[in-house]
file start-v3.cif (mmCIF, C-alpha atoms)
data_data
#
loop_
_atom_site.label_atom_id
_atom_site.label_comp_id
_atom_site.auth_asym_id
_atom_site.auth_seq_id
_atom_site.Cartn_x
_atom_site.Cartn_y
_atom_site.Cartn_z
CA MET A 3 -9.71 -14.68 1.47
CA THR A 4 -10.23 -15.74 -2.13
CA ASP A 5 -11.21 -19.34 -2.83
CA GLY A 6 -11.52 -18.93 -6.59
CA TYR A 7 -14.96 -17.31 -6.28
CA ARG A 8 -14.68 -14.83 -3.39
CA TYR A 9 -12.21 -12.19 -2.29
CA THR A 10 -11.93 -10.25 0.98
CA ALA A 11 -11.25 -6.52 1.32
CA TYR A 12 -9.95 -5.16 4.63
CA VAL A 13 -10.48 -1.42 5.16
CA SER A 14 -9.05 0.49 8.12
CA CYS A 15 -11.04 3.54 9.22
CA LEU A 16 -8.85 6.21 10.71
CA SER A 17 -11.16 8.35 12.83
CA GLY A 18 -13.49 5.40 13.37
CA ASN A 19 -10.62 3.38 14.88
CA GLU A 20 -11.87 0.19 13.24
CA VAL A 21 -11.17 -2.32 10.50
CA ASP A 22 -14.15 -3.15 8.29
CA VAL A 23 -14.19 -6.47 6.44
CA PHE A 24 -16.00 -6.89 3.11
CA SER A 25 -16.59 -10.08 1.14
CA GLY A 26 -16.65 -9.80 -2.65
CA ASP A 27 -17.68 -11.90 -5.64
CA GLU A 28 -14.70 -12.37 -7.98
CA MET A 29 -16.90 -12.53 -11.09
CA THR A 30 -19.18 -9.52 -10.46
CA GLY A 31 -17.04 -7.71 -7.90
CA ALA A 32 -20.12 -7.13 -5.71
CA LEU A 33 -19.24 -6.47 -2.06
CA GLU A 34 -21.00 -7.00 1.26
CA HIS A 35 -19.97 -5.97 4.76
CA VAL A 36 -19.29 -9.01 6.96
CA GLN A 37 -17.33 -7.80 10.03
CA THR A 38 -16.12 -4.77 11.99
CA ILE A 39 -13.12 -4.92 14.33
CA THR A 40 -13.23 -1.98 16.73
CA LEU A 41 -10.28 -0.40 18.53
CA PRO A 42 -12.01 1.51 21.36
CA GLY A 43 -10.03 4.24 23.09
CA ARG A 44 -6.96 3.84 20.87
CA GLY A 45 -5.33 6.22 18.45
CA LYS A 46 -7.35 9.25 19.57
CA GLY A 47 -4.34 11.56 19.51
CA LEU A 48 -4.03 11.41 15.72
CA VAL A 49 -7.54 11.33 14.26
CA GLY A 50 -7.34 10.73 10.51
CA ARG A 51 -3.94 9.04 10.57
CA GLY A 52 -2.48 5.64 11.28
CA LEU A 53 -3.82 2.12 10.85
CA PRO A 54 -1.78 1.03 7.79
CA LEU A 55 -2.36 -2.64 6.96
CA ALA A 56 -0.17 -5.50 5.69
CA HIS A 57 -0.51 -9.29 5.34
CA THR A 58 1.81 -12.28 5.32
CA PRO A 59 2.65 -14.03 2.02
CA ASN A 60 0.72 -17.13 3.15
CA ARG A 61 -2.36 -14.91 3.73
CA ARG A 62 -2.91 -16.24 7.25
CA ARG A 63 -2.17 -13.05 9.20
CA LEU A 64 -3.16 -9.40 8.89
CA TYR A 65 -1.27 -6.62 10.67
CA ALA A 66 -2.47 -3.12 11.58
CA ALA A 67 -0.16 -0.36 12.82
CA VAL A 68 -2.06 1.57 15.50
CA TYR A 69 -0.90 5.04 16.52
CA GLY A 70 -0.87 5.69 20.26
CA ASP A 71 -2.28 8.85 21.79
CA GLN A 72 0.68 11.21 21.87
CA THR A 73 -0.93 13.26 24.66
CA THR A 74 -0.78 10.28 27.01
CA SER A 75 1.53 7.32 27.70
CA GLU A 76 -0.40 5.15 25.22
CA LYS A 77 2.01 3.08 23.11
CA ASP A 78 2.30 2.79 19.36
CA LEU A 79 1.36 -0.79 18.47
CA VAL A 80 1.12 -3.39 15.76
CA ASP A 81 -1.96 -5.60 16.08
CA THR A 82 -1.82 -9.18 14.78
CA TYR A 83 -5.00 -10.81 13.43
CA ALA A 84 -5.61 -14.38 12.31
CA ILE A 85 -7.42 -14.63 8.98
CA ASP A 86 -10.01 -17.40 8.66
CA PRO A 87 -9.00 -19.29 5.47
CA ILE A 88 -12.62 -19.89 4.47
CA THR A 89 -14.51 -16.73 5.46
CA GLY A 90 -11.69 -14.16 5.62
CA LEU A 91 -12.96 -12.99 9.02
CA LEU A 92 -10.45 -11.66 11.56
CA THR A 93 -9.60 -12.76 15.10
CA HIS A 94 -7.35 -10.55 17.22
CA MET A 95 -4.25 -12.44 18.40
CA SER A 96 -1.88 -9.92 19.98
CA SER A 97 -0.75 -6.30 20.24
CA THR A 98 2.98 -5.54 20.09
CA PRO A 99 4.50 -2.22 21.25
CA VAL A 100 6.73 -0.65 18.59
CA MET A 101 9.26 2.16 18.82
CA ALA A 102 7.50 4.70 16.59
CA GLN A 103 4.35 5.63 14.71
CA LEU A 104 4.66 3.45 11.62
CA SER A 105 3.39 5.38 8.60
CA HIS A 106 3.66 2.25 6.47
CA ILE A 107 4.16 -1.44 7.15
CA SER A 108 4.88 -4.41 4.89
CA VAL A 109 6.00 -8.01 5.27
CA ASP A 110 9.14 -9.23 3.52
CA ARG A 111 8.80 -11.95 0.86
CA THR A 112 9.70 -14.78 3.27
CA GLY A 113 7.11 -13.74 5.85
CA GLY A 114 9.85 -13.56 8.48
CA PHE A 115 9.85 -9.83 9.20
CA LEU A 116 7.43 -6.94 9.54
CA LEU A 117 9.05 -3.86 8.03
CA GLY A 118 8.04 -0.38 9.17
CA ALA A 119 8.66 3.16 7.93
CA SER A 120 8.03 6.07 10.30
CA GLU A 121 7.75 9.51 8.79
CA PRO A 122 7.18 11.24 12.18
CA SER A 123 10.28 9.62 13.74
CA GLY A 124 12.38 9.47 10.57
CA LEU A 125 13.41 5.82 10.65
CA VAL A 126 12.91 2.35 9.16
CA VAL A 127 12.89 -0.82 11.23
CA ALA A 128 12.29 -4.57 11.01
CA TYR A 129 10.52 -6.71 13.61
CA PRO A 130 10.76 -10.53 13.55
CA ILE A 131 7.54 -12.47 13.04
CA GLY A 132 7.27 -15.54 15.28
CA ASP A 133 6.26 -19.07 14.34
CA HIS A 134 2.56 -18.38 14.91
CA GLY A 135 2.57 -15.04 13.09
CA HIS A 136 2.94 -12.78 16.13
CA VAL A 137 5.10 -9.66 15.70
CA GLN A 138 7.95 -9.82 18.20
CA ALA A 139 8.56 -6.89 20.55
CA ARG A 140 12.30 -6.47 19.93
CA ALA A 141 13.46 -5.00 16.63
CA SER A 142 16.03 -7.05 14.75
CA GLY A 143 19.00 -5.98 12.70
CA THR A 144 19.53 -2.30 12.10
CA VAL A 145 17.26 0.66 12.82
CA VAL A 146 18.06 3.11 10.01
CA PRO A 147 17.59 6.88 10.48
CA LEU A 148 15.77 8.16 7.40
CA PRO A 149 13.97 11.53 7.44
CA GLY A 150 10.58 11.49 5.76
CA ALA A 151 10.40 7.68 5.44
CA HIS A 152 6.92 7.17 4.03
CA GLN A 153 6.81 3.60 2.72
CA ILE A 154 8.98 0.46 2.83
CA LEU A 155 8.88 -2.45 0.37
CA THR A 156 11.24 -5.22 -0.67
CA ASP A 157 11.48 -6.10 -4.35
CA TYR A 158 10.56 -9.57 -5.64
CA THR A 159 14.07 -10.91 -5.00
CA ASN A 160 13.76 -9.81 -1.32
CA ARG A 161 17.33 -8.51 -1.52
CA TYR A 162 16.57 -4.82 -1.97
CA THR A 163 14.43 -2.50 0.12
CA PHE A 164 13.17 0.80 -1.27
CA ILE A 165 11.97 3.70 0.89
CA PRO A 166 10.53 6.94 -0.54
CA SER A 167 11.46 9.99 1.55
CA LEU A 168 8.56 12.44 1.36
CA SER A 169 10.51 15.35 2.86
CA ASP A 170 13.91 14.89 1.19
CA ASP A 171 12.74 14.04 -2.36
CA VAL A 172 14.89 10.92 -2.59
CA LEU A 173 14.20 7.25 -3.11
CA VAL A 174 16.49 5.32 -0.74
CA SER A 175 17.81 1.85 -1.63
CA LEU A 176 18.94 -0.55 1.11
CA LEU A 177 20.22 -4.12 1.00
CA PHE A 178 18.02 -6.42 3.09
CA ASP A 179 19.25 -9.59 4.83
CA GLU A 180 16.23 -11.89 5.03
CA ARG A 181 17.99 -14.12 7.59
CA THR A 182 18.62 -11.41 10.19
CA GLY A 183 16.30 -8.56 9.20
CA SER A 184 19.20 -6.10 8.94
CA PHE A 185 19.64 -3.26 6.45
CA THR A 186 22.81 -1.92 4.83
CA ALA A 187 23.28 0.79 2.22
CA ASN A 188 23.07 -0.22 -1.42
CA SER A 189 25.29 1.32 -4.12
CA PRO A 190 24.13 3.84 -5.11
CA PRO A 191 22.28 4.44 -1.82
CA GLU A 192 19.57 6.72 -3.26
CA VAL A 193 17.96 8.19 -6.35
CA ALA A 194 17.29 11.93 -6.27
CA LEU A 195 13.91 13.22 -7.40
CA GLN A 196 12.90 16.65 -8.63
CA THR A 197 12.90 19.19 -5.78
CA GLY A 198 9.43 19.43 -4.27
CA ALA A 199 8.20 16.20 -5.88
CA GLY A 200 7.22 14.62 -2.55
CA CYS A 201 8.40 11.05 -3.09
CA ARG A 202 5.52 8.97 -1.59
CA HIS A 203 4.64 5.43 -2.75
CA LEU A 204 6.01 2.83 -5.15
CA ALA A 205 4.88 -0.43 -6.78
CA PHE A 206 6.76 -3.29 -8.46
CA HIS A 207 5.83 -4.99 -11.71
CA PRO A 208 5.39 -8.80 -11.38
CA SER A 209 7.91 -9.33 -14.21
CA ARG A 210 10.52 -8.02 -11.69
CA ARG A 211 11.88 -5.69 -14.39
CA TYR A 212 10.05 -2.42 -13.60
CA MET A 213 9.17 -0.18 -10.69
CA TYR A 214 6.78 2.78 -10.57
CA LEU A 215 7.02 5.73 -8.17
CA LEU A 216 4.24 8.16 -7.25
CA ASN A 217 5.18 11.68 -6.14
CA GLN A 218 2.65 13.31 -3.82
CA ARG A 219 3.35 17.02 -4.20
CA ASP A 220 3.81 17.48 -7.96
CA GLY A 221 1.38 14.77 -9.08
CA SER A 222 3.97 12.95 -11.16
CA LEU A 223 4.64 9.26 -11.71
CA VAL A 224 8.06 7.91 -12.72
CA CYS A 225 8.61 4.58 -14.47
CA TYR A 226 11.95 2.84 -13.82
CA ARG A 227 13.71 -0.18 -15.25
CA LEU A 228 14.80 -2.30 -12.25
CA ASP A 229 17.93 -4.42 -12.45
CA PRO A 230 17.33 -7.49 -10.21
CA ALA A 231 21.08 -8.20 -10.17
CA ASP A 232 22.04 -5.08 -8.20
CA GLY A 233 18.80 -3.20 -7.48
CA GLY A 234 19.81 -0.41 -9.85
CA LEU A 235 17.17 1.89 -11.35
CA CYS A 236 17.04 3.57 -14.75
CA ALA A 237 14.29 6.15 -15.38
CA LEU A 238 12.23 5.39 -18.51
CA MET A 239 9.48 8.01 -18.48
CA ARG A 240 7.63 10.52 -16.33
CA VAL A 241 3.89 11.20 -16.57
CA SER A 242 1.22 13.18 -14.71
CA ILE A 243 -1.60 11.59 -12.70
CA LEU A 244 -3.68 14.80 -12.86
CA PRO A 245 -6.68 15.65 -15.05
CA GLU A 246 -5.84 18.16 -17.78
CA ASP A 247 -8.10 20.83 -16.28
CA PHE A 248 -6.77 20.47 -12.72
CA GLU A 249 -5.70 23.66 -10.93
CA GLY A 250 -4.09 23.83 -7.50
CA ALA A 251 -1.60 21.83 -5.47
CA PRO A 252 -1.54 18.09 -6.25
CA TRP A 253 -1.91 15.52 -3.48
CA GLY A 254 -1.15 12.07 -4.85
CA ALA A 255 -2.11 9.14 -2.63
CA GLN A 256 -1.59 5.55 -3.79
CA ILE A 257 -0.19 3.50 -6.66
CA LYS A 258 -0.72 -0.17 -7.58
CA VAL A 259 0.15 -2.54 -10.41
CA SER A 260 -2.45 -5.14 -11.40
CA PRO A 261 -1.51 -8.71 -10.33
CA ARG A 262 -1.41 -9.58 -14.04
CA GLY A 263 1.02 -6.73 -14.71
CA ASP A 264 -1.13 -5.27 -17.48
CA ARG A 265 -2.36 -2.06 -15.83
CA LEU A 266 -1.16 0.63 -13.41
CA PHE A 267 -3.43 2.68 -11.11
CA ALA A 268 -2.96 5.89 -9.11
CA SER A 269 -5.32 7.92 -6.89
CA GLU A 270 -5.22 11.70 -6.42
CA ARG A 271 -6.93 13.32 -3.46
CA ARG A 272 -7.46 16.97 -4.45
CA SER A 273 -8.95 16.23 -7.87
CA ASP A 274 -10.92 13.23 -6.49
CA THR A 275 -9.75 10.98 -9.30
CA LEU A 276 -8.47 7.51 -10.13
CA ALA A 277 -6.12 7.16 -13.12
CA VAL A 278 -5.29 3.98 -15.03
CA TRP A 279 -2.66 3.23 -17.65
CA ASP A 280 -2.03 0.15 -19.78
CA ILE A 281 1.51 -1.21 -19.32
CA ASP A 282 3.51 -2.26 -22.39
CA PRO A 283 4.74 -5.80 -21.54
CA ASN A 284 7.83 -5.35 -23.71
CA ASN A 285 9.30 -2.25 -22.08
CA GLY A 286 7.20 -1.32 -19.03
CA ARG A 287 6.14 2.00 -20.55
CA LEU A 288 2.69 3.49 -20.00
CA SER A 289 -0.12 4.37 -22.39
CA SER A 290 -2.11 7.59 -22.20
CA PRO A 291 -4.16 7.56 -18.98
CA HIS A 292 -7.86 7.15 -18.42
CA ILE A 293 -8.92 9.33 -15.45
CA VAL A 294 -12.29 9.01 -13.71
CA SER A 295 -13.97 10.81 -10.82
CA THR A 296 -14.24 9.16 -7.41
CA PRO A 297 -16.00 9.91 -4.11
CA ARG A 298 -14.36 12.65 -2.08
CA ASN A 299 -10.66 12.33 -1.17
CA PRO A 300 -9.66 8.90 -2.52
CA ARG A 301 -6.91 7.60 -0.22
CA CYS A 302 -5.81 4.02 -0.79
CA PHE A 303 -7.06 1.15 -2.91
CA ASP A 304 -6.20 -2.38 -3.94
CA VAL A 305 -6.78 -4.67 -6.91
CA THR A 306 -8.56 -8.02 -6.65
CA PRO A 307 -6.41 -11.15 -7.18
CA ASN A 308 -7.87 -11.75 -10.65
CA GLY A 309 -7.11 -8.15 -11.66
CA ARG A 310 -10.70 -7.38 -12.64
CA PHE A 311 -11.73 -4.93 -9.89
CA VAL A 312 -10.40 -2.07 -7.77
CA VAL A 313 -11.72 -1.31 -4.27
CA LEU A 314 -10.99 2.30 -3.32
CA SER A 315 -11.43 4.09 0.01
CA ALA A 316 -12.82 7.64 0.04
CA LEU A 317 -11.42 9.28 3.17
CA LYS A 318 -13.90 12.19 3.21
CA GLY A 319 -16.73 10.21 1.67
CA ASP A 320 -16.83 7.61 4.49
CA CYS A 321 -17.28 4.88 1.90
CA ILE A 322 -15.53 2.45 -0.40
CA ALA A 323 -16.11 2.45 -4.15
CA LEU A 324 -15.84 -0.53 -6.49
CA TYR A 325 -14.58 -0.18 -10.08
CA ASP A 326 -14.51 -2.70 -12.92
CA VAL A 327 -11.06 -2.41 -14.55
CA SER A 328 -11.14 -5.66 -16.52
CA GLU A 329 -11.27 -4.11 -19.99
CA ARG A 330 -7.82 -3.14 -21.24
CA SER A 331 -7.53 0.32 -22.82
CA ALA A 332 -10.80 1.38 -21.18
CA PRO A 333 -11.48 3.63 -18.18
CA PRO A 334 -12.49 2.17 -14.80
CA ARG A 335 -16.26 1.62 -14.63
CA HIS A 336 -17.99 2.53 -11.37
CA VAL A 337 -19.96 -0.45 -10.02
CA MET A 338 -21.09 0.35 -6.47
CA GLU A 339 -20.37 2.12 -3.17
CA LEU A 340 -20.74 0.95 0.42
CA PRO A 341 -20.55 2.95 3.69
CA THR A 342 -17.68 2.41 6.13
CA GLY A 343 -16.58 3.69 9.50
CA GLY A 344 -15.16 7.22 9.77
CA GLU A 345 -12.42 8.16 7.28
CA PRO A 346 -11.55 4.89 5.51
CA GLY A 347 -7.85 4.93 4.71
CA TRP A 348 -6.03 1.69 3.93
CA VAL A 349 -7.32 -1.14 1.74
CA GLU A 350 -5.83 -4.63 1.66
CA ILE A 351 -7.36 -7.33 -0.58
CA LEU A 352 -6.86 -11.09 -0.32
#
call {"tool": "encode", "arguments": {"input": "start-v3.cif", "output": "structure tokens"}}
result
Amino acid sequence: MTDGYRYTAYVSCLSGNEVDVFSGDEMTGALEHVQTITLPGRGKGLVGRGLPLAHTPNRRRLYAAVYGDQTTSEKDLVDTYAIDPITGLLTHMSSTPVMAQLSHISVDRTGGFLLGASEPSGLVVAYPIGDHGHVQARASGTVVPLPGAHQILTDYTNRYTFIPSLSDDVLVSLLFDERTGSFTANSPPEVALQTGAGCRHLAFHPSRRYMYLLNQRDGSLVCYRLDPADGGLCALMRVSILPEDFEGAPWGAQIKVSPRGDRLFASERRSDTLAVWDIDPNNGRLSSPHIVSTPRNPRCFDVTPNGRFVVLSALKGDCIALYDVSERSAPPRHVMELPTGGEPGWVEIL
């Protein structure tokens, strides 16, 4: 938890079945390991998958979606953790059974609902969050069938929910009722992507006027103008996240916009790279990218609250890497690496 001088990075380790906690200096970025939360005997049926993370808007709770062992009767769960407001350390509060393996989780802008997208089960769902931050066991509103659902996020108005479908190459748009947690189709209900694109992850610009979409299978990134009045999208440009000399099948991973809205980042697993673009504040368009090498198989990452640093997980490097991204129009500068548990996947920074 940042107090103006420190930030906290939470890293879930997929085959290690643990969440590692790192404390960082906001001025230098320097990180140190301060805690490990272990999940013994859980999630063994899907080594290398699961454990997506999300936090509440008030930064008091962290959630982890834990895949059950599909060879046994072990349940899919969402774990709730209390976040110490001073140290950022975690205390386990509860484990809530959920109806599917949740490939991605997020919390709506009010903090009232945990939203989940399940690619294996092809659905999106909302679970109420109780007064003390516990995820409730009964889903609210509407469970929406959606093949390939890979991520779920509400925009800044909290009225529109967007879900990339990895298998169907569409970006689905739903209306979200923040009072009941229910979903209904927006108009239009979806945006079609190029066949084979592999619609994966998206990120919103803090100005509320732009949205960026990362496609996993063709290594492309699409910039959209977002109309906050109706949730409509208008494509502005399409760029590649790949190095010029890359050969083979792309495997895009994660996309983030800096909290200041000045830079956009994307990780690519097969080229082992992190790309960064400057964002034009007048039209949301992107500059030419700077692309740097990373440790093996960069999965997810996050940007510190002051926008100066990126913490990136290297799934096959069993480490996190820290980059200084504070200088506009300059490439990320590698600062340090630290070991983690097996296969670090998700990164959440507060």
call {"tool": "atom_distance", "arguments": {"input": "start-v3.cif", "atom1": "atom CA of Asp229 of chain A", "atom2": "atom CA of Asn60 of chain A"}}
result
26.5 Å
call {"tool": "closest_residue", "arguments": {"input": "start-v3.cif", "among": "A:Gln196, A:Asn299, A:Ser328, A:Thr10", "to": "Pro346 of chain A", "atoms": "all atoms listed in the file"}}
result
A:Asn299
call {"tool": "closest_residue", "arguments": {"input": "start-v3.cif", "among": "A:Tyr12, A:Phe311, A:Tyr226, A:Phe206", "to": "Leu53 of chain A", "atoms": "all atoms listed in the file"}}
result
A:Tyr12
call {"tool": "atom_distance", "arguments": {"input": "start-v3.cif", "atom1": "atom CA of His207 of chain A", "atom2": "atom CA of Gly263 of chain A"}}
result
5.9 Å
call {"tool": "residues_near_point", "arguments": {"input": "start-v3.cif", "point": "(-2.4, 15.6, -16.3)", "cutoff": "10 Å", "atoms": "only C-alpha atoms", "output": "MDAnalysis selection string"}}
result
chainID A and resid 221:222 241:248 277 290:291 293
call {"tool": "resolve_selection", "arguments": {"input": "start-v3.cif", "expression": "the PyMOL selection byres ((chain A and resi 99) around 8)", "output": "NGL selection string"}}
result
:A and (77-80 or 97-98 or 100-101 or 139)
call {"tool": "resolve_selection", "arguments": {"input": "start-v3.cif", "expression": "the PyMOL selection byres ((chain A and resi 235) around 10)", "output": "number ranges by chain"}}
result
A: 175, 190, 192-193, 211-213, 225-230, 232-234, 236-238
call {"tool": "residues_around", "arguments": {"input": "start-v3.cif", "residues": "Leu104 of chain A", "least_positions_apart": "3", "cutoff": "7 Å", "atoms": "only C-alpha atoms", "output": "PyMOL selection string"}}
result
chain A and resi 67+107+118-120
call {"tool": "resolve_selection", "arguments": {"input": "start-v3.cif", "expression": "the PyMOL selection byres ((chain A and resi 174) around 7)", "output": "list in words"}}
result
Phe164, Ile165, Pro166, Val172, Leu173, Ser175, Leu176, Pro191, Glu192 and Val193 of chain A
call {"tool": "atom_distance", "arguments": {"input": "start-v3.cif", "atom1": "atom CA of Pro122 of chain A", "atom2": "atom CA of Gly200 of chain A"}}
result
15.1 Å
call {"tool": "axis_aligned_box", "arguments": {"input": "start-v3.cif", "around": "segment 131-140 of chain A", "padding_each_side": "6 Å", "output": "JSON"}}
result
{"center_x": 7.4, "center_y": -12.8, "center_z": 16.8, "size_x": 21.7, "size_y": 24.6, "size_z": 19.5}
call {"tool": "residues_around", "arguments": {"input": "start-v3.cif", "residues": "Ala66 of chain A", "least_positions_apart": "5", "cutoff": "7 Å", "atoms": "only C-alpha atoms", "output": "PDB file with C-alpha atoms, keeping the file's coordinate frame"}}
result
ATOM      1  CA  LEU A  53      -3.820   2.120  10.850  1.00  0.00           C
ATOM      2  CA  PRO A  54      -1.780   1.030   7.790  1.00  0.00           C
ATOM      3  CA  LEU A  55      -2.360  -2.640   6.960  1.00  0.00           C
ATOM      4  CA  ALA A  56      -0.170  -5.500   5.690  1.00  0.00           C
ATOM      5  CA  VAL A  80       1.120  -3.390  15.760  1.00  0.00           C
ATOM      6  CA  ASP A  81      -1.960  -5.600  16.080  1.00  0.00           C
ATOM      7  CA  THR A  82      -1.820  -9.180  14.780  1.00  0.00           C
TER       8      THR A  82
END
call {"tool": "closest_residue", "arguments": {"input": "start-v3.cif", "among": "A:Val349, A:Thr197, A:Thr156, A:Gly343", "to": "Thr40 of chain A", "atoms": "only C-alpha atoms"}}
result
A:Gly343
call {"tool": "closest_residue", "arguments": {"input": "start-v3.cif", "among": "A:Ser108, A:Glu20, A:Arg181, A:Gly143", "to": "Leu155 of chain A", "atoms": "only C-alpha atoms"}}
result
A:Ser108
call {"tool": "residues_around", "arguments": {"input": "start-v3.cif", "residues": "Gly114 of chain A", "least_positions_apart": "6", "cutoff": "8 Å", "atoms": "all atoms listed in the file", "output": "list in words"}}
result
Pro130, Ile131, Gly132 and Glu180 of chain A
call {"tool": "closest_residue", "arguments": {"input": "start-v3.cif", "among": "A:Asp264, A:Asp304, A:Glu121, A:Glu249", "to": "Leu352 of chain A", "atoms": "only C-alpha atoms"}}
result
A:Asp304
call {"tool": "closest_residue", "arguments": {"input": "start-v3.cif", "among": "A:Val137, A:Val146, A:Leu117, A:Val21", "to": "Leu91 of chain A", "atoms": "all atoms listed in the file"}}
result
A:Val21
call {"tool": "residues_near_point", "arguments": {"input": "start-v3.cif", "point": "(16.1, -8.7, -4.1)", "cutoff": "9 Å", "atoms": "all atoms listed in the file", "output": "PyMOL selection string"}}
result
chain A and resi 156-163+177-178+230-233
call {"tool": "residues_around", "arguments": {"input": "start-v3.cif", "residues": "Arg140 of chain A", "least_positions_apart": "2", "cutoff": "8 Å", "atoms": "all atoms listed in the file", "output": "PyMOL selection string"}}
result
chain A and resi 129-130+138+142
